[in-house]
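Asks: Input start-v6.pdb, format and content: PDB, C-alpha atoms.
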MODEL        1
ATOM      1  CA  MET C   1     -71.231 -16.425  12.900
ATOM      2  CA  ALA C   2     -69.810 -19.510  11.355
ATOM      3  CA  VAL C   3     -67.076 -19.115   8.791
ATOM      4  CA  ALA C   4     -66.277 -21.848   6.258
ATOM      5  CA  SER C   5     -63.323 -21.897   3.870
ATOM      6  CA  TYR C   6     -63.177 -23.848   0.665
ATOM      7  CA  GLY C   7     -60.255 -24.613  -1.588
ATOM      8  CA  PRO C   8     -58.289 -27.381  -3.271
ATOM      9  CA  LYS C   9     -57.147 -30.242  -1.123
ATOM     10  CA  SER C  10     -54.220 -32.566  -1.859
ATOM     11  CA  PHE C  11     -54.245 -36.314  -1.417
ATOM     12  CA  ALA C  12     -51.151 -38.543  -1.395
ATOM     13  CA  ALA C  13     -51.423 -41.152  -4.125
ATOM     14  CA  ALA C  14     -50.227 -44.691  -3.662
ATOM     15  CA  ALA C  15     -46.756 -45.139  -5.133
ATOM     16  CA  PHE C  16     -44.221 -47.866  -5.876
ATOM     17  CA  SER C  17     -40.498 -47.910  -5.243
ATOM     18  CA  ILE C  18     -37.924 -50.562  -6.163
ATOM     19  CA  THR C  19     -34.817 -51.718  -4.333
ATOM     20  CA  ALA C  20     -32.338 -54.524  -4.939
ATOM     21  CA  THR C  21     -30.462 -56.494  -2.315
ATOM     22  CA  THR C  22     -27.273 -57.111  -4.302
ATOM     23  CA  THR C  23     -25.252 -55.656  -7.156
ATOM     24  CA  ASN C  24     -27.757 -57.227  -9.452
ATOM     25  CA  PRO C  25     -26.057 -59.792 -10.010
ATOM     26  CA  ASN C  26     -22.266 -59.638  -9.676
ATOM     27  CA  ILE C  27     -20.615 -62.719 -11.187
ATOM     28  CA  GLY C  28     -17.175 -61.555 -10.054
ATOM     29  CA  LYS C  29     -13.818 -61.965 -11.757
ATOM     30  CA  VAL C  30     -13.988 -63.983 -14.953
ATOM     31  CA  ALA C  31     -11.923 -64.709 -18.041
ATOM     32  CA  SER C  32     -13.380 -64.280 -21.481
ATOM     33  CA  ALA C  33     -12.566 -66.810 -24.184
ATOM     34  CA  ALA C  34      -9.705 -66.252 -26.607
ATOM     35  CA  ALA C  35     -12.346 -66.292 -29.351
ATOM     36  CA  GLY C  36     -16.142 -66.297 -29.307
ATOM     37  CA  ASP C  37     -18.597 -65.496 -26.525
ATOM     38  CA  THR C  38     -18.677 -67.123 -23.103
ATOM     39  CA  THR C  39     -22.162 -67.425 -21.610
ATOM     40  CA  PHE C  40     -22.683 -67.162 -17.861
ATOM     41  CA  THR C  41     -26.058 -68.264 -16.490
ATOM     42  CA  VAL C  42     -27.380 -67.170 -13.090
ATOM     43  CA  VAL C  43     -30.210 -69.373 -11.764
ATOM     44  CA  ALA C  44     -32.952 -67.140 -10.350
ATOM     45  CA  SER C  45     -33.999 -69.312  -7.401
ATOM     46  CA  THR C  46     -30.525 -69.976  -5.957
ATOM     47  CA  GLY C  47     -28.139 -67.530  -7.605
ATOM     48  CA  SER C  48     -25.983 -70.463  -8.713
ATOM     49  CA  THR C  49     -23.820 -69.153 -11.544
ATOM     50  CA  SER C  50     -22.053 -71.333 -14.099
ATOM     51  CA  VAL C  51     -20.527 -71.265 -17.553
ATOM     52  CA  THR C  52     -23.101 -72.619 -19.982
ATOM     53  CA  GLY C  53     -21.305 -71.874 -23.243
ATOM     54  CA  GLY C  54     -17.898 -70.898 -24.590
ATOM     55  CA  ALA C  55     -14.327 -71.355 -23.407
ATOM     56  CA  GLY C  56     -14.057 -68.655 -20.723
ATOM     57  CA  GLY C  57     -14.456 -69.263 -16.995
ATOM     58  CA  PHE C  58     -14.173 -68.043 -13.435
ATOM     59  CA  ILE C  59     -10.987 -66.655 -11.858
ATOM     60  CA  PRO C  60      -9.821 -68.641  -9.939
ATOM     61  CA  PRO C  61     -11.232 -71.709 -11.711
ATOM     62  CA  THR C  62     -14.334 -73.150 -10.077
ATOM     63  CA  PRO C  63     -17.387 -75.002 -11.464
ATOM     64  CA  THR C  64     -19.921 -72.553 -10.036
ATOM     65  CA  ARG C  65     -20.265 -69.290  -8.142
ATOM     66  CA  THR C  66     -23.195 -67.629  -6.330
ATOM     67  CA  ALA C  67     -24.742 -64.325  -7.428
ATOM     68  CA  LEU C  68     -28.185 -64.261  -5.813
ATOM     69  CA  THR C  69     -30.217 -61.154  -6.716
ATOM     70  CA  THR C  70     -33.505 -60.181  -5.064
ATOM     71  CA  ILE C  71     -35.621 -57.356  -6.483
ATOM     72  CA  VAL C  72     -37.878 -55.785  -3.832
ATOM     73  CA  ILE C  73     -41.097 -53.921  -4.760
ATOM     74  CA  ASN C  74     -42.389 -51.498  -2.136
ATOM     75  CA  CYS C  75     -45.807 -49.816  -2.135
ATOM     76  CA  SER C  76     -47.326 -47.232   0.163
ATOM     77  CA  GLY C  77     -50.046 -44.587   0.177
ATOM     78  CA  GLY C  78     -53.367 -46.356  -0.077
ATOM     79  CA  SER C  79     -55.524 -49.356  -0.785
ATOM     80  CA  SER C  80     -54.572 -49.317  -4.494
ATOM     81  CA  CYS C  81     -51.348 -51.017  -3.404
ATOM     82  CA  GLY C  82     -53.472 -54.165  -3.225
ATOM     83  CA  ASN C  83     -54.174 -54.160  -6.965
ATOM     84  CA  ASP C  84     -52.541 -56.690  -9.276
ATOM     85  CA  THR C  85     -49.143 -55.427 -10.355
ATOM     86  CA  THR C  86     -47.353 -55.830 -13.670
ATOM     87  CA  VAL C  87     -43.568 -56.252 -13.582
ATOM     88  CA  THR C  88     -41.681 -55.563 -16.819
ATOM     89  CA  ILE C  89     -37.947 -56.126 -17.265
ATOM     90  CA  THR C  90     -36.088 -54.892 -20.354
ATOM     91  CA  THR C  91     -32.406 -55.125 -21.193
ATOM     92  CA  ALA C  92     -29.973 -52.831 -23.010
ATOM     93  CA  ALA C  93     -26.564 -53.013 -24.696
ATOM     94  CA  GLY C  94     -23.729 -53.991 -22.373
ATOM     95  CA  THR C  95     -20.480 -52.228 -21.566
ATOM     96  CA  GLY C  96     -16.888 -53.437 -21.566
ATOM     97  CA  ARG C  97     -16.852 -57.043 -22.703
ATOM     98  CA  GLY C  98     -20.359 -57.537 -21.353
ATOM     99  CA  LYS C  99     -22.975 -57.970 -24.064
ATOM    100  CA  GLN C 100     -26.716 -57.475 -23.827
ATOM    101  CA  ILE C 101     -28.420 -59.966 -21.520
ATOM    102  CA  THR C 102     -30.125 -62.614 -23.673
ATOM    103  CA  GLY C 103     -32.193 -64.393 -21.041
ATOM    104  CA  LEU C 104     -34.245 -63.316 -18.001
ATOM    105  CA  SER C 105     -36.059 -65.363 -15.370
ATOM    106  CA  ALA C 106     -37.926 -64.752 -12.119
ATOM    107  CA  ALA C 107     -38.345 -67.055  -9.108
ATOM    108  CA  PHE C 108     -40.939 -67.003  -6.322
ATOM    109  CA  GLY C 109     -42.005 -69.377  -3.544
ATOM    110  CA  TYR C 110     -39.699 -68.273  -0.720
ATOM    111  CA  SER C 111     -40.509 -66.256   2.430
ATOM    112  CA  GLY C 112     -41.355 -62.662   1.494
ATOM    113  CA  ALA C 113     -41.778 -63.444  -2.189
ATOM    114  CA  ALA C 114     -44.522 -61.948  -4.301
ATOM    115  CA  THR C 115     -47.373 -64.182  -5.442
ATOM    116  CA  TRP C 116     -47.103 -64.872  -9.156
ATOM    117  CA  LYS C 117     -50.437 -64.691 -11.015
ATOM    118  CA  SER C 118     -49.835 -64.785 -14.758
ATOM    119  CA  GLY C 119     -47.333 -64.329 -17.553
ATOM    120  CA  PRO C 120     -44.051 -66.099 -18.316
ATOM    121  CA  THR C 121     -41.394 -66.401 -15.615
ATOM    122  CA  SER C 122     -38.590 -66.832 -18.135
ATOM    123  CA  GLY C 123     -37.838 -65.319 -21.502
ATOM    124  CA  GLY C 124     -35.293 -63.608 -23.686
ATOM    125  CA  ALA C 125     -34.061 -60.013 -23.565
ATOM    126  CA  SER C 126     -37.369 -58.832 -22.046
ATOM    127  CA  LEU C 127     -39.850 -60.307 -19.592
ATOM    128  CA  SER C 128     -43.280 -59.266 -18.248
ATOM    129  CA  PHE C 129     -45.469 -60.977 -15.655
ATOM    130  CA  VAL C 130     -48.225 -60.151 -13.157
ATOM    131  CA  ILE C 131     -48.041 -60.550  -9.385
ATOM    132  CA  ALA C 132     -50.722 -60.142  -6.733
ATOM    133  CA  GLY C 133     -50.963 -56.730  -5.070
ATOM    134  CA  VAL C 134     -48.066 -55.837  -2.797
ATOM    135  CA  GLY C 135     -50.280 -54.287  -0.122
ATOM    136  CA  ASN C 136     -50.228 -50.872   1.485
ATOM    137  CA  ASN C 137     -46.999 -50.038   3.307
ATOM    138  CA  ASN C 138     -45.703 -53.439   2.365
ATOM    139  CA  SER C 139     -42.982 -55.060   0.270
ATOM    140  CA  LYS C 140     -42.825 -58.151  -1.909
ATOM    141  CA  SER C 141     -39.921 -59.498  -3.918
ATOM    142  CA  PHE C 142     -38.768 -61.881  -6.623
ATOM    143  CA  ARG C 143     -35.384 -63.329  -7.471
ATOM    144  CA  LEU C 144     -33.800 -62.569 -10.810
ATOM    145  CA  GLY C 145     -31.863 -64.872 -13.094
ATOM    146  CA  VAL C 146     -29.945 -63.899 -16.224
ATOM    147  CA  VAL C 147     -28.187 -65.426 -19.204
ATOM    148  CA  TRP C 148     -25.291 -63.114 -20.000
ATOM    149  CA  PRO C 149     -22.761 -63.444 -22.849
ATOM    150  CA  ILE C 150     -19.232 -62.091 -22.331
ATOM    151  CA  ALA C 151     -17.358 -61.192 -25.532
ATOM    152  CA  ALA C 152     -13.795 -62.181 -26.370
ATOM    153  CA  THR C 153     -12.934 -58.630 -27.441
ATOM    154  CA  GLY C 154     -13.400 -55.169 -25.980
ATOM    155  CA  THR C 155     -12.174 -53.303 -22.936
ATOM    156  CA  ILE C 156     -11.052 -55.538 -20.083
ATOM    157  CA  GLY C 157     -12.049 -54.781 -16.504
ATOM    158  CA  THR C 158     -15.534 -53.652 -15.497
ATOM    159  CA  ALA C 159     -18.365 -55.033 -17.634
ATOM    160  CA  THR C 160     -22.100 -54.503 -17.227
ATOM    161  CA  GLY C 161     -25.315 -55.947 -18.626
ATOM    162  CA  PRO C 162     -27.892 -53.170 -17.979
ATOM    163  CA  TYR C 163     -31.585 -53.837 -17.426
ATOM    164  CA  THR C 164     -34.593 -51.856 -16.207
ATOM    165  CA  VAL C 165     -37.305 -53.079 -13.844
ATOM    166  CA  GLN C 166     -40.674 -51.284 -14.077
ATOM    167  CA  VAL C 167     -43.775 -51.905 -11.931
ATOM    168  CA  THR C 168     -47.294 -50.640 -12.670
ATOM    169  CA  ALA C 169     -50.748 -51.111 -11.146
ATOM    170  CA  SER C 170     -54.115 -49.376 -11.395
ATOM    171  CA  GLY C 171     -54.263 -46.374  -9.083
ATOM    172  CA  VAL C 172     -50.577 -46.543  -8.148
ATOM    173  CA  THR C 173     -47.806 -44.263  -9.336
ATOM    174  CA  SER C 174     -45.463 -46.516 -11.321
ATOM    175  CA  ALA C 175     -41.774 -46.873 -10.612
ATOM    176  CA  SER C 176     -38.751 -48.025 -12.560
ATOM    177  CA  ARG C 177     -35.151 -48.664 -11.649
ATOM    178  CA  ASN C 178     -32.062 -49.095 -13.794
ATOM    179  CA  LEU C 179     -29.859 -51.968 -12.642
ATOM    180  CA  ALA C 180     -27.118 -54.073 -14.204
ATOM    181  CA  ALA C 181     -25.359 -57.416 -14.068
ATOM    182  CA  ASN C 182     -21.679 -56.857 -13.246
ATOM    183  CA  ALA C 183     -18.377 -58.628 -13.852
ATOM    184  CA  ASN C 184     -14.647 -57.985 -13.799
ATOM    185  CA  VAL C 185     -13.555 -59.452 -17.124
ATOM    186  CA  GLN C 186      -9.973 -60.361 -17.984
ATOM    187  CA  ALA C 187      -8.648 -61.287 -21.416
ATOM    188  CA  GLY C 188      -8.900 -64.926 -22.341
ATOM    189  CA  ILE C 189      -5.811 -67.098 -21.964
ATOM    190  CA  SER C 190      -4.334 -68.667 -25.065
ATOM    191  CA  LEU C 191      -1.492 -71.181 -25.236
ATOM    192  CA  SER C 192       0.650 -71.807 -28.294
ATOM    193  CA  GLN C 193       3.694 -73.921 -29.054
ATOM    194  CA  VAL C 194       6.717 -72.036 -30.342
ATOM    195  CA  THR C 195       8.996 -75.074 -30.688
ATOM    196  CA  PRO C 196       8.388 -78.733 -29.764
ATOM    197  CA  LEU C 197      10.526 -80.716 -27.361
ATOM    198  CA  ASP C 198      12.584 -82.839 -29.749
ATOM    199  CA  PHE C 199      15.683 -84.822 -28.835
ATOM    200  CA  GLY C 200      16.529 -85.200 -32.511
ATOM    201  CA  THR C 201      17.890 -88.319 -34.197
ATOM    202  CA  LEU C 202      20.454 -90.298 -32.222
ATOM    203  CA  ALA C 203      22.763 -93.071 -33.400
ATOM    204  CA  LEU C 204      23.378 -95.449 -30.502
ATOM    205  CA  MET C 205      26.916 -96.690 -29.991
ATOM    206  CA  ALA C 206      27.255-100.464 -30.181
ATOM    207  CA  GLY C 207      27.232-102.196 -26.818
ATOM    208  CA  GLN C 208      26.900 -98.979 -24.804
ATOM    209  CA  SER C 209      24.302 -97.515 -22.519
ATOM    210  CA  GLY C 210      23.756 -93.800 -22.325
ATOM    211  CA  SER C 211      21.415 -90.903 -21.846
ATOM    212  CA  VAL C 212      20.264 -87.703 -23.472
ATOM    213  CA  THR C 213      19.344 -84.727 -21.303
ATOM    214  CA  TYR C 214      17.808 -81.412 -22.293
ATOM    215  CA  PRO C 215      16.572 -79.773 -19.093
ATOM    216  CA  ALA C 216      14.086 -76.924 -19.295
ATOM    217  CA  GLY C 217      16.249 -73.845 -18.954
ATOM    218  CA  GLY C 218      15.346 -71.557 -21.785
ATOM    219  CA  GLN C 219      15.669 -71.553 -25.524
ATOM    220  CA  GLY C 220      19.227 -71.852 -26.747
ATOM    221  CA  ALA C 221      20.477 -73.329 -23.478
ATOM    222  CA  GLU C 222      22.850 -75.513 -25.468
ATOM    223  CA  ALA C 223      25.284 -75.759 -22.564
ATOM    224  CA  SER C 224      22.667 -77.814 -20.745
ATOM    225  CA  TRP C 225      22.328 -80.324 -23.578
ATOM    226  CA  SER C 226      24.215 -83.526 -22.835
ATOM    227  CA  LEU C 227      24.521 -86.853 -24.644
ATOM    228  CA  THR C 228      26.357 -90.044 -23.774
ATOM    229  CA  GLY C 229      26.436 -93.430 -25.479
ATOM    230  CA  ALA C 230      25.175 -92.041 -28.777
ATOM    231  CA  GLN C 231      25.902 -89.511 -31.502
ATOM    232  CA  GLN C 232      23.641 -86.703 -32.643
ATOM    233  CA  VAL C 233      22.537 -87.128 -36.256
ATOM    234  CA  ARG C 234      19.757 -84.526 -36.396
ATOM    235  CA  GLY C 235      19.441 -81.450 -34.186
ATOM    236  CA  HIS C 236      17.282 -80.974 -31.128
ATOM    237  CA  THR C 237      14.893 -78.254 -29.873
ATOM    238  CA  ILE C 238      13.690 -77.326 -26.423
ATOM    239  CA  GLY C 239       9.938 -77.236 -25.849
ATOM    240  CA  LYS C 240       9.007 -73.549 -25.854
ATOM    241  CA  TYR C 241       5.456 -72.306 -25.182
ATOM    242  CA  LYS C 242       3.752 -68.922 -25.131
ATOM    243  CA  VAL C 243       0.837 -67.869 -22.934
ATOM    244  CA  THR C 244      -1.064 -64.685 -23.794
ATOM    245  CA  GLY C 245      -3.428 -63.000 -21.353
ATOM    246  CA  THR C 246      -4.032 -59.925 -19.225
ATOM    247  CA  PRO C 247      -0.762 -58.251 -18.109
ATOM    248  CA  GLY C 248      -0.148 -58.501 -14.382
ATOM    249  CA  GLN C 249      -2.507 -61.437 -13.850
ATOM    250  CA  GLN C 250      -1.239 -64.453 -11.949
ATOM    251  CA  ILE C 251      -1.399 -67.813 -13.701
ATOM    252  CA  SER C 252      -0.690 -71.426 -12.872
ATOM    253  CA  VAL C 253       0.819 -73.883 -15.348
ATOM    254  CA  SER C 254       0.521 -77.638 -14.959
ATOM    255  CA  VAL C 255       2.105 -80.343 -17.096
ATOM    256  CA  THR C 256       0.896 -83.945 -17.002
ATOM    257  CA  PRO C 257       2.104 -86.588 -16.746
ATOM    258  CA  ILE C 258       4.976 -85.349 -14.607
ATOM    259  CA  PRO C 259       7.639 -86.192 -13.523
ATOM    260  CA  THR C 260       7.703 -89.191 -15.881
ATOM    261  CA  LEU C 261       6.274 -89.583 -19.383
ATOM    262  CA  THR C 262       6.365 -92.828 -21.366
ATOM    263  CA  LEU C 263       7.523 -92.537 -24.979
ATOM    264  CA  THR C 264       6.202 -95.227 -27.313
ATOM    265  CA  ARG C 265       7.991 -96.554 -30.371
ATOM    266  CA  GLN C 266       6.174 -95.810 -33.607
ATOM    267  CA  PRO C 267       4.285 -97.477 -35.128
ATOM    268  CA  SER C 268       4.354-100.065 -32.328
ATOM    269  CA  GLY C 269       6.560-101.977 -29.937
ATOM    270  CA  GLY C 270       8.884-100.703 -27.262
ATOM    271  CA  SER C 271       8.771 -97.842 -24.794
ATOM    272  CA  LEU C 272      11.130 -95.420 -23.064
ATOM    273  CA  PRO C 273      10.479 -93.512 -19.853
ATOM    274  CA  MET C 274      11.313 -89.810 -20.026
ATOM    275  CA  SER C 275      11.654 -87.505 -17.053
ATOM    276  CA  VAL C 276       9.969 -84.132 -17.615
ATOM    277  CA  SER C 277      11.092 -80.704 -16.415
ATOM    278  CA  ASN C 278       9.204 -77.418 -16.603
ATOM    279  CA  THR C 279      10.371 -73.841 -15.946
ATOM    280  CA  ALA C 280       6.875 -72.597 -15.008
ATOM    281  CA  GLN C 281       6.779 -74.034 -11.486
ATOM    282  CA  GLY C 282       4.483 -72.347  -8.979
ATOM    283  CA  ALA C 283       2.578 -69.097  -9.506
ATOM    284  CA  GLN C 284       3.643 -66.967 -12.481
ATOM    285  CA  LEU C 285       2.784 -63.423 -13.587
ATOM    286  CA  ILE C 286       1.992 -62.384 -17.133
ATOM    287  CA  PRO C 287       4.366 -59.474 -17.923
ATOM    288  CA  LEU C 288       3.360 -56.082 -19.317
ATOM    289  CA  SER C 289       3.826 -57.407 -22.845
ATOM    290  CA  GLY C 290       0.878 -59.747 -22.267
ATOM    291  CA  GLU C 291       3.063 -62.715 -23.265
ATOM    292  CA  PHE C 292       4.591 -65.259 -20.889
ATOM    293  CA  PHE C 293       7.087 -67.862 -22.154
ATOM    294  CA  PHE C 294       8.064 -71.104 -20.476
ATOM    295  CA  TYR C 295      10.047 -74.189 -21.413
ATOM    296  CA  ILE C 296       9.690 -77.948 -21.105
ATOM    297  CA  GLY C 297      12.635 -80.320 -21.243
ATOM    298  CA  GLY C 298      13.552 -83.782 -20.060
ATOM    299  CA  SER C 299      15.947 -86.711 -20.117
ATOM    300  CA  ILE C 300      15.948 -90.264 -21.477
ATOM    301  CA  ASN C 301      18.106 -93.256 -20.581
ATOM    302  CA  PHE C 302      18.810 -96.020 -23.105
ATOM    303  CA  SER C 303      20.897 -99.168 -23.345
ATOM    304  CA  SER C 304      22.475-101.375 -25.972
ATOM    305  CA  SER C 305      19.260-103.430 -26.027
ATOM    306  CA  THR C 306      16.962-100.461 -26.678
ATOM    307  CA  THR C 307      14.934-101.057 -29.817
ATOM    308  CA  THR C 308      15.702 -98.451 -32.453
ATOM    309  CA  GLY C 309      12.966 -96.398 -34.039
ATOM    310  CA  ALA C 310      11.000 -93.200 -33.616
ATOM    311  CA  TYR C 311       9.642 -92.656 -30.114
ATOM    312  CA  LYS C 312       6.873 -90.213 -29.321
ATOM    313  CA  GLY C 313       4.926 -89.192 -26.238
ATOM    314  CA  ILE C 314       2.155 -86.755 -25.373
ATOM    315  CA  TYR C 315       2.082 -84.389 -22.410
ATOM    316  CA  THR C 316      -0.773 -82.077 -21.566
ATOM    317  CA  ILE C 317      -0.322 -78.444 -20.547
ATOM    318  CA  THR C 318      -3.069 -76.631 -18.654
ATOM    319  CA  VAL C 319      -2.912 -72.898 -17.964
ATOM    320  CA  ASN C 320      -5.359 -71.052 -15.716
ATOM    321  CA  TYR C 321      -5.616 -67.674 -14.060
ATOM    322  CA  SER C 322      -5.164 -68.113 -10.340
TER     323      SER C 322
ENDMDL
END
So, in terms of structure tokens, how does the structure I just supplied come out?
Replies:
Amino acid sequence: MAVASYGPKSFAAAAFSITATTTNPNIGKVASAAAGDTTFTVVASTGSTSVTGGAGGFIPPTPTRTALTTIVINCSGGSSCGNDTTVTITTAAGTGRGKQITGLSAAFGYSGAATWKSGPTSGGASLSFVIAGVGNNNSKSFRLGVVWPIAATGTIGTATGPYTVQVTASGVTSASRNLAANANVQAGISLSQVTPLDFGTLALMAGQSGSVTYPAGGQGAEASWSLTGAQQVRGHTIGKYKVTGTPGQQISVSVTPIPTLTLTRQPSGGSLPMSVSNTAQGAQLIPLSGEFFFYIGGSINFSSSTTTGAYKGIYTITVNYS
């Protein structure tokens, strides 16, 4: 006697899964601007990352950085994996100083890449395009680019720009994955002048040569002030400057031209060389107060033939995280 049994049978449906080969993307340690957004752009095809807007930058300073991100779509479970697949990327509000991603792009054309079929490959805060079927028990990928603004205010440290990748196809169980652009954001550096370097007004003594020296040694370092061959008519001030930034961060300060700056008589005619000194030599740390002070001084030699008048010169100070 033959016996037959009947009942429900289960079938495994084709299904997607999504993986990413990097931290999606990580632009590393950066400085926000002192005011306004700084925009970092990651090129999808290469991962080349650069500042495309605002006054912030990379720490340490560099023109570009690499943050290549590859999104991998996997499919298994049946022939439906060969159906055209829609990829949709949406963004959300950022965390820390990271704002919502404002631009998305996708790149293809490399080994293992999906075959693009239709839809835009670049857009704003959302993007949707169609690729050819991944294939059963197979994987295809695309590279992701972003345009990501970093704010000048907010919590320093970890920042994210969240986004979600979703893939759908007829006959395949869809999949989505939450990912995020990442950065370590430090407060923007600002530089301000507290007092200018000013040797004051000097009355030269007839027939004498002399010099005036005010070395950088700190505000009120009057013992260091020295003057020969002339008399002080109006007081002097040391050049004092303030840097604000993230406490504990290392900075570098450069002053140009150094060691010699040419002062020019105003409105025209005559010049005086001035040696320049700076207390912020080598690497410096911003203290817990978030404010770092340094001083610029110098010295000038003159003679009985020096043309009288007002002399001025310009030096440039550059401060960077290092």
Asks: When you count all atoms listed in the file, which of these residues is closest to Arg143 in chain C: C:Ala107, C:Val276, C:Leu197, C:Ile89?
Replies: C:Ala107
Asks: As a check of understanding, name the residues that the PyMOL selection byres ((chain C and resi 250) around 8) selects in the supplied structure, as a list in words.
Replies: Gly248, Gln249, Ile251, Ser252, Ala283, Gln284, Leu285, Ile286, Tyr321 and Ser322 of chain C
Asks: Could you give me, as a PyMOL selection string, the residues within 8 Å of range 127-129 of chain C, counting only C-alpha atoms and dropping anything in the same chain fewer than 5 positions from it?
Replies: chain C and resi 86-90+104-105+116-122
Asks: Quick check, in Å to one decimal: how far apart do CA of Gly188 in chain C and CA of Ala31 in chain C lie?
Replies: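 Atom-to-atom, CA of Gly188 in chain C to CA of Ala31 in chain C, that is 5.3 Å.
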Asks: Would you give me, as a tab-separated table, each residue of range 173-279 of chain C having an atom within 10 Å of an atom of range 75-79 of chain C, along with its shortest atom pair and that distance in Å to one decimal, using only C-alpha atoms and sorting by chain and residue number?
Replies:
residue	atom	partner	partner_atom	distance
C:Thr173	CA	C:Cys75	CA	9.3
C:Ser174	CA	C:Cys75	CA	9.8
C:Ala175	CA	C:Cys75	CA	9.8
Asks: Residue by residue, what does the PyMOL selection byres ((chain C and resi 244-247) around 8) grab here? Present the result as a ChimeraX atom specification.
Replies: /C:186-191,242-243,248-249,285-292
Asks: Each residue of range 288-320 of chain C lying at most 12 Å from range 202-210 of chain C should get a row with its shortest atom-to-atom pair and the distance in Å to one decimal, counting all atoms listed in the file; could you produce that, ordered by chain and increasing number, as a Markdown table?
Replies:
| residue | atom | partner | partner_atom | distance |
| --- | --- | --- | --- | --- |
| C:Ser299 | CA | C:Gly210 | CA | 10.8 |
| C:Ile300 | CA | C:Gly210 | CA | 8.6 |
| C:Asn301 | CA | C:Gly210 | CA | 5.9 |
| C:Phe302 | CA | C:Gly210 | CA | 5.5 |
| C:Ser303 | CA | C:Ser209 | CA | 3.9 |
| C:Ser304 | CA | C:Gly207 | CA | 4.9 |
| C:Ser305 | CA | C:Gly207 | CA | 8.1 |
| C:Thr306 | CA | C:Ser209 | CA | 8.9 |
| C:Thr307 | CA | C:Leu204 | CA | 10.2 |
| C:Thr308 | CA | C:Leu204 | CA | 8.5 |
| C:Gly309 | CA | C:Leu202 | CA | 9.8 |
| C:Ala310 | CA | C:Leu202 | CA | 10.0 |
| C:Tyr311 | CA | C:Leu202 | CA | 11.3 |
Asks: Take the residues just selected and output them with C-alpha atoms as a PDB file, keeping the file's coordinate frame.
Replies:
ATOM      1  CA  SER C 299      15.947 -86.711 -20.117  1.00  0.00           C
ATOM      2  CA  ILE C 300      15.948 -90.264 -21.477  1.00  0.00           C
ATOM      3  CA  ASN C 301      18.106 -93.256 -20.581  1.00  0.00           C
ATOM      4  CA  PHE C 302      18.810 -96.020 -23.105  1.00  0.00           C
ATOM      5  CA  SER C 303      20.897 -99.168 -23.345  1.00  0.00           C
ATOM      6  CA  SER C 304      22.475-101.375 -25.972  1.00  0.00           C
ATOM      7  CA  SER C 305      19.260-103.430 -26.027  1.00  0.00           C
ATOM      8  CA  THR C 306      16.962-100.461 -26.678  1.00  0.00           C
ATOM      9  CA  THR C 307      14.934-101.057 -29.817  1.00  0.00           C
ATOM     10  CA  THR C 308      15.702 -98.451 -32.453  1.00  0.00           C
ATOM     11  CA  GLY C 309      12.966 -96.398 -34.039  1.00  0.00           C
ATOM     12  CA  ALA C 310      11.000 -93.200 -33.616  1.00  0.00           C
ATOM     13  CA  TYR C 311       9.642 -92.656 -30.114  1.00  0.00           C
TER      14      TYR C 311
END
Asks: Report as an NGL selection string the residues that result from applying the PyMOL selection byres ((chain C and resi 194) around 12) to the structure here.
Replies: :C and (191-193 or 195-197 or 219 or 237-243 or 292-296)
Asks: Based on the selection just made, write C-alpha atoms of those residues as a compact mmCIF listing (two decimals), in the coordinates of the input.
Replies:
# COMPACT_ATOMS: atom_id res chain seq x y z
CA LEU C 191 -1.49 -71.18 -25.24
CA SER C 192 0.65 -71.81 -28.29
CA GLN C 193 3.69 -73.92 -29.05
CA THR C 195 9.00 -75.07 -30.69
CA PRO C 196 8.39 -78.73 -29.76
CA LEU C 197 10.53 -80.72 -27.36
CA GLN C 219 15.67 -71.55 -25.52
CA THR C 237 14.89 -78.25 -29.87
CA ILE C 238 13.69 -77.33 -26.42
CA GLY C 239 9.94 -77.24 -25.85
CA LYS C 240 9.01 -73.55 -25.85
CA TYR C 241 5.46 -72.31 -25.18
CA LYS C 242 3.75 -68.92 -25.13
CA VAL C 243 0.84 -67.87 -22.93
CA PHE C 292 4.59 -65.26 -20.89
CA PHE C 293 7.09 -67.86 -22.15
CA PHE C 294 8.06 -71.10 -20.48
CA TYR C 295 10.05 -74.19 -21.41
CA ILE C 296 9.69 -77.95 -21.10
Asks: Quick one, how far is CA of Ser50 in chain C from CA of Asn24 in chain C?
Replies: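 CA of Ser50 in chain C sits 15.9 Å away from CA of Asn24 in chain C.
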Asks: Between CA of Thr318 in chain C and CA of Phe199 in chain C, what is the distance, to one decimal in Å?
Replies: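 Those two atoms sit 22.9 Å apart.
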